[in-house]
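*Asks:* Here it is: the structure, laid out below.
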There are 2 protein chains.
Amino acid sequence: MDIFTTMQDERGRLSQSEIRIADIVLNDFEFAVNASIIELAGKADVSPPTVTRFCRRLGCESFSDFKVQLARTAYVGMRYLKPEPKSIAPADVAQDIITKAQNALFLLHRGLDVAAIEQAANRLADAEMIYAFGSGGNSSMIASEIQNRLFRLGLRITSSSDHSMQLMMAAAAKPTDVLIGSSFSGRNAELVRAFTLAREAKVPTIALTQSGSPVAHVADITVPIDLPEGDNIYRPTSTRIAYLAVLDILASLVAYRLRPQATVILRRIKQQLVTHRDGDDRQLLGD
Amino acid sequence: MDIFTTMQDERGRLSQSEIRIADIVLNDFEFAVNASIIELAGKADVSPPTVTRFCRRLGCESFSDFKVQLARTAYVGMRYLKPEPKSIAPADVAQDIITKAQNALFLLHRGLDVAAIEQAANRLADAEMIYAFGSGGNSSMIASEIQNRLFRLGLRITSSSDHSMQLMMAAAAKPTDVLIGSSFSGRNAELVRAFTLAREAKVPTIALTQSGSPVAHVADITVPIDLPEGDNIYRPTSTRIAYLAVLDILASLVAYRLRPQATVILRRIKQQLVTHRDGDDRQLLGD
DNA sequence: GATTCCTGCAAATTATTTTCTTGATACGTT
DNA sequence: AACGTATCAAGAAAATAATTTGCAGGAATC
């Protein structure tokens, strides 16, 4: 696990001096990464040995090991990101957006429920028919993306962003089918209704959403995607990127699950696309 | 700039001993990050001072500074990523996909032509009407995403993934309008045709594509998005994530450019959304 | 009141860097 | 072509700096 999480988890068990060190590291981390043990000790008003002991307690070999671990998760992850970029200069805006996207992926990975994804992948692989639901600019894109990824694996699938259609499809689905729905906020009331309907008819449901949300409650399998509030509201792109990544994982697992030999075939197709490529973008569809 | 690029750029100017050090670092970088200067020197069959000099030459303050820099870009970026995950165990697949996505963002950032994006943003902000083009599963999504992001800023915009429509639109466009098109491969012949048509009519064109590609050649402004081949073919998601990030940057710059005060209003709208949120995903559209 | 744990000091150890020197190579001069 | 000089690489050893360990005093807790 990464050093930041450890630091937060252990915080309660740390002594006063150690908490001071932790706070300095967390707040001024550029400093911490470049400082020597003496400088860091000086800033925290403790002696160098205390810093060494602090590092040990966090599971590091030594102070330099600590710095390396720190630098490792420094580039992305667990940073206190400001809601706005440093300035509106193009370079800063770019940096800000890319860092946030990377952070979203980092946080996604940290909180990823792999078991749930695996379970979902297995259900999808065995489904006779799949219905993918999602509404609103973001989730509707995810829904069609689910279709996009899964139909290529030979699965029967359709997607809809239309509430009425979703309800009708949910009513038409059989227990051997699967419903999969996405909701960034988890508060999509219509999706909850469709899932409830499905549940009554014993149709398995999979939700890609925030854990603990209404949508999560009514789904059989929830693949939780929990990102800090800020990211959701201020910049939907980073959340969307996280969803796309989850989808990618899900689709890959389904592919592996479906037929081990399929990956070989798939690779051959890809290879062929590489060799004679003078067409257009649609080549990439063969992914 | 990152230490890996520097190492590759400087390689020619390094001495024999230094090249040996560089190779060890590049190949076994877990080792390099954890090793002391003596261990690293020993493995490279050089003396510790040589290692120090090597670090200095690369622009680092000291050996420990070098290690920090190394660890920083170790988590993501410039890694020799295997085309396939370690195993098909779900956790490994997840790790593989997320790492690749983060790497794509890293590489995107490294190669980002900020000036081109800024130029493109300015053009879009001043356009009387915008036409967003893209075909194939990937670029068509990008095209509608462009529309999605820009219409909220009060711009007049439409998107199309239909070749015939694209041609007709290109023909109908005026020099005060802007055409913006996306092509992952840069080999979308129809897009090239549409752009050529636009050029003849003096309609400004912006391309989001691979630099040096046919599409890039016919566009007035090219925002280059160059990622290693492997990523494009084997896993379109990471490329798509890069495109989404670029789009996010572009849209943000347009927003800032359009009206500085708009950001204030936008923030107020967001705040309001946060306070009474019991609806569904579509709230997030207000991003 | 005793125990435990934190903490800093000083010493010891270790790591890193500087300085100095040697050896090699390249270049210019005779 | 041969010699001398300049330049650079690279290691040895010394100096310096950083880090860790051992120990002892002191605070907090039970």
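Please note that chains go A, B, ... in the order of the structure tokens, that every chain numbers its residues from 1, and that ligands are numbered from 1 in the order shown.
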Find the residues in chain D near chain B: any atom within 8 Å counts, using only C-alpha atoms (C1' of nucleotides). Write them as a PyMOL selection string.

*Replies:* chain D and resi 9-11

*Asks:* Neighbouring residues of His109 of chain A were defined as those with any atom within 8 Å, considering only C-alpha atoms (C1' of nucleotides); residues of the same chain fewer than 6 positions away were excluded. Please report them as a ChimeraX atom specification.

*Replies:* /B:94-95,98

*Asks:* Those residues with N, CA, C and O atoms, as a short mmCIF file (atom, residue, chain, number, x, y, z; two decimals), in the first residue's frame please?

*Replies:*
```
data_model
loop_
_atom_site.label_atom_id
_atom_site.label_comp_id
_atom_site.auth_asym_id
_atom_site.auth_seq_id
_atom_site.Cartn_x
_atom_site.Cartn_y
_atom_site.Cartn_z
N ALA B 94 -6.35 -5.39 -13.77
CA ALA B 94 -6.72 -4.03 -13.33
C ALA B 94 -5.49 -3.15 -13.23
O ALA B 94 -5.46 -2.03 -13.77
N GLN B 95 -4.48 -3.66 -12.59
CA GLN B 95 -3.24 -2.90 -12.43
C GLN B 95 -2.66 -2.51 -13.80
O GLN B 95 -2.27 -1.36 -14.02
N ILE B 98 -4.83 0.23 -15.54
CA ILE B 98 -4.73 1.54 -14.91
C ILE B 98 -3.35 2.15 -15.11
O ILE B 98 -3.22 3.34 -15.40
#
```

*Asks:* Please determine the contact residues of chain C with respect to chain A at a cut-off of 9 Å, counting only C-alpha atoms (C1' of nucleotides), and supply them as a PyMOL selection string.

*Replies:* chain C and resi 6-8

*Asks:* Please provide as a list of chain:residue names all residues within 10 Å of DA26 of chain C, with the sequence filter that same-chain residues fewer than 2 positions apart are discarded (counting only C-alpha atoms (C1' of nucleotides)).

*Replies:*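 Final neighbour list, sorted by chain and number: C:DA24, C:DG28, D:DA6, D:DT7, D:DC8.
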
*Asks:* Given only C-alpha atoms as the basis, pick out the residue of B:Ser182, B:Tyr75, B:Ala173, B:Pro214 nearest to Glu200 of chain B.

*Replies:*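 Looking only at the distances to Glu200 of chain B, the closest residue turns out to be B:Ala173.
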
*Asks:* As a PyMOL selection string, please: the residues near segment 194-198 of chain B (cut-off 10 Å, only C-alpha atoms (C1' of nucleotides), same-chain neighbours under 4 positions excluded).

*Replies:* chain B and resi 133+163-175+178-181+189-190+202-207+215-220

*Asks:* For each of A:Glu10, A:Asp126, A:Asp23, A:Glu30, take the minimum atom-to-atom distance to chain B, counting only C-alpha atoms, then give the residue where this is smallest.

*Replies:*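 Closest residue, counting only C-alpha atoms: A:Glu30.
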
*Asks:* Would you return as a ChimeraX atom specification the members of segment 116-249 of chain B that DSSP assigns to helix (DSSP H, G or I) on this structure's backbone?

*Replies:* /B:116-126,136-153,163-172,189-200,214-218,229-234,236-249

*Asks:* When you count only C-alpha atoms, which of these residues is closest to chain B: A:Ser183, A:Thr209, A:Ser160, A:Gln147?

*Replies:*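 Among the listed residues, the smallest separation from chain B belongs to A:Ser183.
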
*Asks:* Could you jot down the atom CA of Glu128 of chain A to atom CA of Asp177 of chain A separation for me, Å, one decimal place?

*Replies:*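 According to the coordinates, atom CA of Glu128 of chain A and atom CA of Asp177 of chain A are separated by 5.2 Å.
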
*Asks:* Name the residues in contact with Val68 of chain A at a cut-off of 12 Å, using only C-alpha atoms (C1' of nucleotides), excluding same-chain residues fewer than 5 positions from it; report them as a ChimeraX atom specification.

*Replies:* /A:2-3,32-34,55,60-63,73-75 /B:30-36,64-75

*Asks:* Env of Leu244 of chain A: 12 Å cut, atoms = only C-alpha atoms (C1' of nucleotides), seq-sep filter 2 positions within chain, self excluded. Answer as a PyMOL selection string.

*Replies:* (chain A and resi 101+104-105+108+138-139+141-146+148-149+182+184+208+225+237-242+246-251) or (chain B and resi 97-98+101+235-242+244)

*Asks:* Near DT13 of chain C, within 9 Å and counting only C-alpha atoms (C1' of nucleotides), which residues show up once chain neighbours fewer than 6 positions away are dropped, as a list in words?

*Replies:* DT19, DT20 and DT21 of chain D

*Asks:* Now that the selection is made, can you save its residues with N, CA and C atoms (P, O5', C5', C4', C3', O3' and C1' of nucleotides) as a PDB file, in the first residue's frame?

*Replies:*
```
ATOM      1  P    DT D  19      19.973  12.095   5.541  1.00  0.00           P
ATOM      2  O5'  DT D  19      20.226  10.847   6.491  1.00  0.00           O
ATOM      3  C5'  DT D  19      20.758   9.655   5.919  1.00  0.00           C
ATOM      4  C4'  DT D  19      21.085   8.670   7.006  1.00  0.00           C
ATOM      5  C3'  DT D  19      19.921   8.316   7.923  1.00  0.00           C
ATOM      6  O3'  DT D  19      19.608   6.950   7.719  1.00  0.00           O
ATOM      7  C1'  DT D  19      21.948   8.643   9.137  1.00  0.00           C
ATOM      8  P    DT D  20      18.404   6.308   8.477  1.00  0.00           P
ATOM      9  O5'  DT D  20      19.165   5.611   9.687  1.00  0.00           O
ATOM     10  C5'  DT D  20      20.165   4.646   9.419  1.00  0.00           C
ATOM     11  C4'  DT D  20      20.885   4.280  10.690  1.00  0.00           C
ATOM     12  C3'  DT D  20      19.992   3.690  11.780  1.00  0.00           C
ATOM     13  O3'  DT D  20      20.475   2.393  12.089  1.00  0.00           O
ATOM     14  C1'  DT D  20      21.449   5.340  12.666  1.00  0.00           C
ATOM     15  P    DT D  21      19.633   1.480  13.047  1.00  0.00           P
ATOM     16  O5'  DT D  21      20.508   1.492  14.375  1.00  0.00           O
ATOM     17  C5'  DT D  21      21.918   1.293  14.292  1.00  0.00           C
ATOM     18  C4'  DT D  21      22.547   1.532  15.647  1.00  0.00           C
ATOM     19  C3'  DT D  21      21.765   0.934  16.821  1.00  0.00           C
ATOM     20  O3'  DT D  21      22.648   0.172  17.610  1.00  0.00           O
ATOM     21  C1'  DT D  21      22.255   3.219  17.213  1.00  0.00           C
TER      22       DT D  21
END
```

*Asks:* Can you list, as a ChimeraX atom specification, all residues belonging to segment 37-283 of chain B that DSSP tags as strand (DSSP E)?

*Replies:* /B:130-133,157-160,178-183,205-209,221-224

*Asks:* Deliver the residues from the most recent selection as a file, using C-alpha atoms, as an mmCIF file, in the first residue's frame.

*Replies:*
```cif
data_model
loop_
_atom_site.group_PDB
_atom_site.id
_atom_site.type_symbol
_atom_site.label_atom_id
_atom_site.label_comp_id
_atom_site.auth_asym_id
_atom_site.auth_seq_id
_atom_site.Cartn_x
_atom_site.Cartn_y
_atom_site.Cartn_z
ATOM 1 C CA ILE B 130 -18.311 25.189 -35.143
ATOM 2 C CA TYR B 131 -18.493 21.829 -36.900
ATOM 3 C CA ALA B 132 -17.039 18.853 -35.033
ATOM 4 C CA PHE B 133 -16.182 15.783 -37.107
ATOM 5 C CA ILE B 157 -21.795 23.940 -32.572
ATOM 6 C CA THR B 158 -22.896 20.732 -34.236
ATOM 7 C CA SER B 159 -21.148 17.415 -34.661
ATOM 8 C CA SER B 160 -21.333 14.644 -37.193
ATOM 9 C CA VAL B 178 -14.315 26.580 -37.633
ATOM 10 C CA LEU B 179 -14.052 22.907 -38.458
ATOM 11 C CA ILE B 180 -12.632 20.677 -35.770
ATOM 12 C CA GLY B 181 -11.957 17.012 -36.418
ATOM 13 C CA SER B 182 -10.538 14.059 -34.560
ATOM 14 C CA SER B 183 -8.751 11.045 -35.986
ATOM 15 C CA THR B 205 -9.598 23.747 -39.546
ATOM 16 C CA ILE B 206 -8.364 22.206 -36.329
ATOM 17 C CA ALA B 207 -7.239 18.597 -36.094
ATOM 18 C CA LEU B 208 -6.827 16.438 -33.023
ATOM 19 C CA THR B 209 -4.635 13.702 -34.398
ATOM 20 C CA ILE B 221 -3.944 23.962 -36.610
ATOM 21 C CA THR B 222 -2.940 20.527 -35.459
ATOM 22 C CA VAL B 223 -3.116 19.561 -31.837
ATOM 23 C CA PRO B 224 -0.789 16.568 -31.948
#
```

*Asks:* What is the distance, in Å and to one decimal place, between atom CA of Phe54 of chain A and atom CA of Val76 of chain B?

*Replies:*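 Atom CA of Val76 of chain B lies 26.9 Å from atom CA of Phe54 of chain A.
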